[in-house]
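Everything below concerns the one structure shown next.
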Amino acid sequence: VRPLSHALRRALAGAGPPCGPKHAGASAVIRYYDAPSPASDRRGRRRLAMAKKGKPLKILVCAASGKLGRAIVADALDKDHSVAAIVRTGGGNSKPDLRVGRSDELADVHVGDAADQAFVSKTLASGPFDVVCVAVGAEAADVVTSVISAVAAAEPSPVLMMTGGAPALVARDGKTSAVDWAYKGADWARELANLHLGVTWNALRASTIPRWSMVCPSAMVEGKTHGFHRTRPEEIDKSTADASLRYEAVAAAFVNVAAELVAGKETYNKKRVAFTTGNEMSCYQYCCMTLVSL
């Protein structure tokens, strides 16, 4: 099958009008990319089955009651991992129901503040955990520094997955900032890059944690969109610089990269995770997307 252009893929998908973050100076078209649903795509079901073949992991998700946090919990449970979650409730003693996605299981919920290093350390001691995922970025600097310090002090030290942003990536030469190469020096992109690099990235690099990675999506959205994505280390894909990714697609990257790091693979170790588009579809996917557009 010949690779299809981005415009044709959007037309076949019947994608709605562009939407996304309303940053000042962000005039580029917002595009949509996400992984095909395992429930409706043959390749997706095969990938999910392969993911389940690996060793089940014990995963702690911080800020699990947010949209990305819930998506990570759901993806991990769907892949038969054991999940615990740190949530901060608005009041009362009731624990939120984190039965999300296609799973019938509940995450083990710990109610407390992830910005409290002592609380995070106590939660880690209830493990041990193979992976810790933090579902908030550098805008929650107190959570970032608290979790990094707690994970660094934990024995054994789990794999740490942090949240970044696409402007924090680099161009293909490995040196030029994504802000200058993909975002044409936009002020909002530079502010985001400085935030994620100055807080999360620098703290990770200065830590003694042996295995970590920072997932760097662009805007994240809810709803059913159609498209394809892959991940690669460090380098931004210019065509996805202003893309909108589903929370579920970003969550899948968190869990899949974490599993690779636990398995000892070095592709993403101490690196940023970038999203890129797949460039071709199978005949089966072509037909499914054509039917969707009818």
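As shown in the structure tokens, the chain order sets the letters A, B, ...; within each chain, residues go from 1, and ligands are also counted from 1 in the order they appear.
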Within 10 Å of range 270-275 of chain A, counting only C-alpha atoms, which residues qualify if same-chain residues fewer than 6 places away don't, as a ChimeraX atom specification?
-> /A:33-34,160-166,168-170,201,204-205,209-218,229-237,240-241,243,245,249-250,253-254,257,261
Excluding Val131 in chain A and residues on its chain fewer than 6 positions from it, collect all residues at most 6 Å away from it, counting only C-alpha atoms, and give them as a PyMOL selection string.
-> chain A and resi 59+158-160
Which of A:Ala115, A:Val147, A:Val134, A:Leu192 sits closest to Ala64 in chain A [using only C-alpha atoms] |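 Among the listed residues, the smallest separation from Ala64 in chain A belongs to A:Val134.
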Apply DSSP to the structure's backbone, then extract all residues of range 69-224 of chain A labelled alpha helix (DSSP H) and return them as a ChimeraX atom specification.
-> /A:69-78,117-125,141-153,178-181,187-195,202-206
Limited to N, CA and C atoms, could you put the picked residues into a file as a CSV table (one decimal), in the first residue's frame?
chain,number,residue,atom,x,y,z
A,69,GLY,N,-3.7,11.1,34.1
A,69,GLY,CA,-3.5,10.1,35.2
A,69,GLY,C,-4.5,8.9,35.0
A,70,ARG,N,-5.7,9.2,34.8
A,70,ARG,CA,-6.7,8.2,34.7
A,70,ARG,C,-6.4,7.3,33.4
A,71,ALA,N,-6.0,8.0,32.4
A,71,ALA,CA,-5.7,7.2,31.1
A,71,ALA,C,-4.5,6.3,31.4
A,72,ILE,N,-3.5,6.7,32.1
A,72,ILE,CA,-2.3,5.8,32.4
A,72,ILE,C,-2.8,4.6,33.3
A,73,VAL,N,-3.6,4.9,34.3
A,73,VAL,CA,-4.2,3.8,35.1
A,73,VAL,C,-4.9,2.8,34.3
A,74,ALA,N,-5.8,3.3,33.4
A,74,ALA,CA,-6.6,2.4,32.5
A,74,ALA,C,-5.7,1.6,31.6
A,75,ASP,N,-4.7,2.2,31.0
A,75,ASP,CA,-3.8,1.5,30.1
A,75,ASP,C,-3.0,0.4,30.8
A,76,ALA,N,-2.5,0.8,32.0
A,76,ALA,CA,-1.7,-0.2,32.7
A,76,ALA,C,-2.6,-1.4,33.2
A,77,LEU,N,-3.8,-1.1,33.7
A,77,LEU,CA,-4.7,-2.2,34.1
A,77,LEU,C,-5.1,-3.1,32.9
A,78,ASP,N,-5.3,-2.4,31.7
A,78,ASP,CA,-5.7,-3.2,30.5
A,78,ASP,C,-4.5,-4.1,30.1
A,117,GLN,N,7.0,14.9,50.1
A,117,GLN,CA,8.0,13.9,49.8
A,117,GLN,C,7.8,12.7,50.8
A,118,ALA,N,7.6,13.0,52.1
A,118,ALA,CA,7.4,12.0,53.1
A,118,ALA,C,6.3,11.1,52.7
A,119,PHE,N,5.2,11.6,52.3
A,119,PHE,CA,4.0,10.8,51.9
A,119,PHE,C,4.3,9.9,50.7
A,120,VAL,N,5.0,10.5,49.7
A,120,VAL,CA,5.4,9.7,48.5
A,120,VAL,C,6.4,8.6,48.9
A,121,SER,N,7.3,8.9,49.8
A,121,SER,CA,8.3,7.9,50.2
A,121,SER,C,7.5,6.7,51.0
A,122,LYS,N,6.5,7.1,51.8
A,122,LYS,CA,5.8,6.1,52.5
A,122,LYS,C,5.0,5.2,51.6
A,123,THR,N,4.4,5.8,50.5
A,123,THR,CA,3.7,5.1,49.5
A,123,THR,C,4.6,4.1,48.8
A,124,LEU,N,5.8,4.6,48.4
A,124,LEU,CA,6.8,3.8,47.7
A,124,LEU,C,7.2,2.6,48.6
A,125,ALA,N,7.3,2.8,49.9
A,125,ALA,CA,7.7,1.7,50.8
A,125,ALA,C,6.6,0.6,50.8
A,141,ALA,N,5.6,22.2,40.0
A,141,ALA,CA,7.0,22.0,40.3
A,141,ALA,C,7.2,21.3,41.6
A,142,ASP,N,6.3,21.6,42.6
A,142,ASP,CA,6.5,20.9,43.9
A,142,ASP,C,6.3,19.4,43.8
A,143,VAL,N,5.3,19.0,43.0
A,143,VAL,CA,5.1,17.6,42.8
A,143,VAL,C,6.3,16.9,42.1
A,144,VAL,N,6.8,17.6,41.1
A,144,VAL,CA,8.0,17.1,40.3
A,144,VAL,C,9.2,16.9,41.2
A,145,THR,N,9.5,17.9,42.0
A,145,THR,CA,10.7,17.8,42.8
A,145,THR,C,10.5,16.8,44.0
A,146,SER,N,9.3,16.7,44.5
A,146,SER,CA,9.0,15.8,45.6
A,146,SER,C,9.1,14.3,45.1
A,147,VAL,N,8.5,14.0,44.0
A,147,VAL,CA,8.6,12.6,43.5
A,147,VAL,C,10.0,12.2,43.1
A,148,ILE,N,10.7,13.1,42.4
A,148,ILE,CA,12.1,12.8,42.0
A,148,ILE,C,12.9,12.5,43.2
A,149,SER,N,12.8,13.3,44.3
A,149,SER,CA,13.6,13.1,45.5
A,149,SER,C,13.2,11.8,46.2
A,150,ALA,N,11.9,11.5,46.2
A,150,ALA,CA,11.5,10.2,46.8
A,150,ALA,C,11.9,9.0,46.1
A,151,VAL,N,11.8,9.1,44.8
A,151,VAL,CA,12.3,7.9,43.9
A,151,VAL,C,13.8,7.7,44.0
A,152,ALA,N,14.5,8.8,44.1
A,152,ALA,CA,16.0,8.7,44.2
A,152,ALA,C,16.4,8.0,45.5
A,153,ALA,N,15.6,8.3,46.5
A,153,ALA,CA,15.9,7.7,47.8
A,153,ALA,C,15.4,6.3,48.0
A,178,ALA,N,13.6,22.7,19.6
A,178,ALA,CA,12.3,22.5,18.8
A,178,ALA,C,11.6,23.9,18.8
A,179,VAL,N,11.9,24.7,19.7
A,179,VAL,CA,11.2,26.1,19.7
A,179,VAL,C,11.6,26.8,18.5
A,180,ASP,N,12.9,26.8,18.2
A,180,ASP,CA,13.3,27.6,17.0
A,180,ASP,C,13.1,26.8,15.7
A,181,TRP,N,13.1,25.5,15.7
A,181,TRP,CA,13.0,24.7,14.5
A,181,TRP,C,11.6,24.5,14.1
A,187,ASP,N,6.8,32.7,21.5
A,187,ASP,CA,7.0,33.0,22.9
A,187,ASP,C,6.4,31.9,23.8
A,188,TRP,N,5.2,31.5,23.5
A,188,TRP,CA,4.5,30.5,24.3
A,188,TRP,C,5.3,29.2,24.3
A,189,ALA,N,5.9,28.8,23.2
A,189,ALA,CA,6.7,27.6,23.1
A,189,ALA,C,7.9,27.7,23.9
A,190,ARG,N,8.6,28.9,23.8
A,190,ARG,CA,9.8,29.1,24.6
A,190,ARG,C,9.6,29.0,26.1
A,191,GLU,N,8.4,29.6,26.5
A,191,GLU,CA,8.1,29.6,27.9
A,191,GLU,C,7.9,28.1,28.4
A,192,LEU,N,7.2,27.3,27.6
A,192,LEU,CA,6.9,26.0,28.0
A,192,LEU,C,8.2,25.2,28.0
A,193,ALA,N,9.1,25.4,27.0
A,193,ALA,CA,10.4,24.7,26.9
A,193,ALA,C,11.2,25.0,28.1
A,194,ASN,N,11.3,26.3,28.5
A,194,ASN,CA,12.1,26.7,29.6
A,194,ASN,C,11.6,26.1,30.9
A,195,LEU,N,10.2,26.0,31.0
A,195,LEU,CA,9.6,25.5,32.2
A,195,LEU,C,9.9,24.0,32.4
A,202,ASN,N,16.1,19.2,34.2
A,202,ASN,CA,17.3,19.5,35.0
A,202,ASN,C,17.3,18.7,36.3
A,203,ALA,N,16.2,18.6,36.9
A,203,ALA,CA,16.1,17.8,38.1
A,203,ALA,C,16.3,16.3,37.9
A,204,LEU,N,15.8,15.8,36.8
A,204,LEU,CA,16.1,14.4,36.4
A,204,LEU,C,17.6,14.1,36.2
A,205,ARG,N,18.2,15.0,35.4
A,205,ARG,CA,19.6,14.8,35.1
A,205,ARG,C,20.5,15.0,36.3
A,206,ALA,N,20.1,15.8,37.3
A,206,ALA,CA,20.9,15.9,38.5
A,206,ALA,C,20.7,14.8,39.5
Pairwise distance for CA of Lys55 in chain A and CA of Val83 in chain A, rounded to one decimal in Å =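 Between CA of Lys55 in chain A and CA of Val83 in chain A the gap is 13.8 Å.
Residues of range 160-242 of chain A assigned to strand (DSSP E or B) by DSSP on this structure's backbone: Leu160, Met161, Met162, Thr163, Val170, Ser177, Trp212, Ser213, Met214, Val215, Ala219, Met220, Val221, Arg230, Thr231, Arg232, Pro233 and Glu235 of chain A.
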Keeping only C-alpha atoms, write the selected residues to a file as an mmCIF file, in the first residue's frame.
data_model
loop_
_atom_site.group_PDB
_atom_site.id
_atom_site.type_symbol
_atom_site.label_atom_id
_atom_site.label_comp_id
_atom_site.auth_asym_id
_atom_site.auth_seq_id
_atom_site.Cartn_x
_atom_site.Cartn_y
_atom_site.Cartn_z
ATOM 1 C CA LEU A 160 10.548 7.051 36.744
ATOM 2 C CA MET A 161 8.334 8.385 33.939
ATOM 3 C CA MET A 162 7.781 12.163 33.932
ATOM 4 C CA THR A 163 5.604 14.492 31.836
ATOM 5 C CA VAL A 170 15.190 18.998 19.833
ATOM 6 C CA SER A 177 15.799 23.601 19.995
ATOM 7 C CA TRP A 212 14.054 7.480 33.791
ATOM 8 C CA SER A 213 12.422 9.169 30.827
ATOM 9 C CA MET A 214 10.318 12.275 30.093
ATOM 10 C CA VAL A 215 7.307 11.892 27.777
ATOM 11 C CA ALA A 219 -1.618 19.226 23.209
ATOM 12 C CA MET A 220 -3.754 16.404 24.603
ATOM 13 C CA VAL A 221 -7.469 16.060 23.856
ATOM 14 C CA ARG A 230 4.793 6.120 17.048
ATOM 15 C CA THR A 231 7.448 7.294 19.465
ATOM 16 C CA ARG A 232 11.147 8.007 19.113
ATOM 17 C CA PRO A 233 13.786 9.495 21.412
ATOM 18 C CA GLU A 235 13.699 14.438 18.080
#
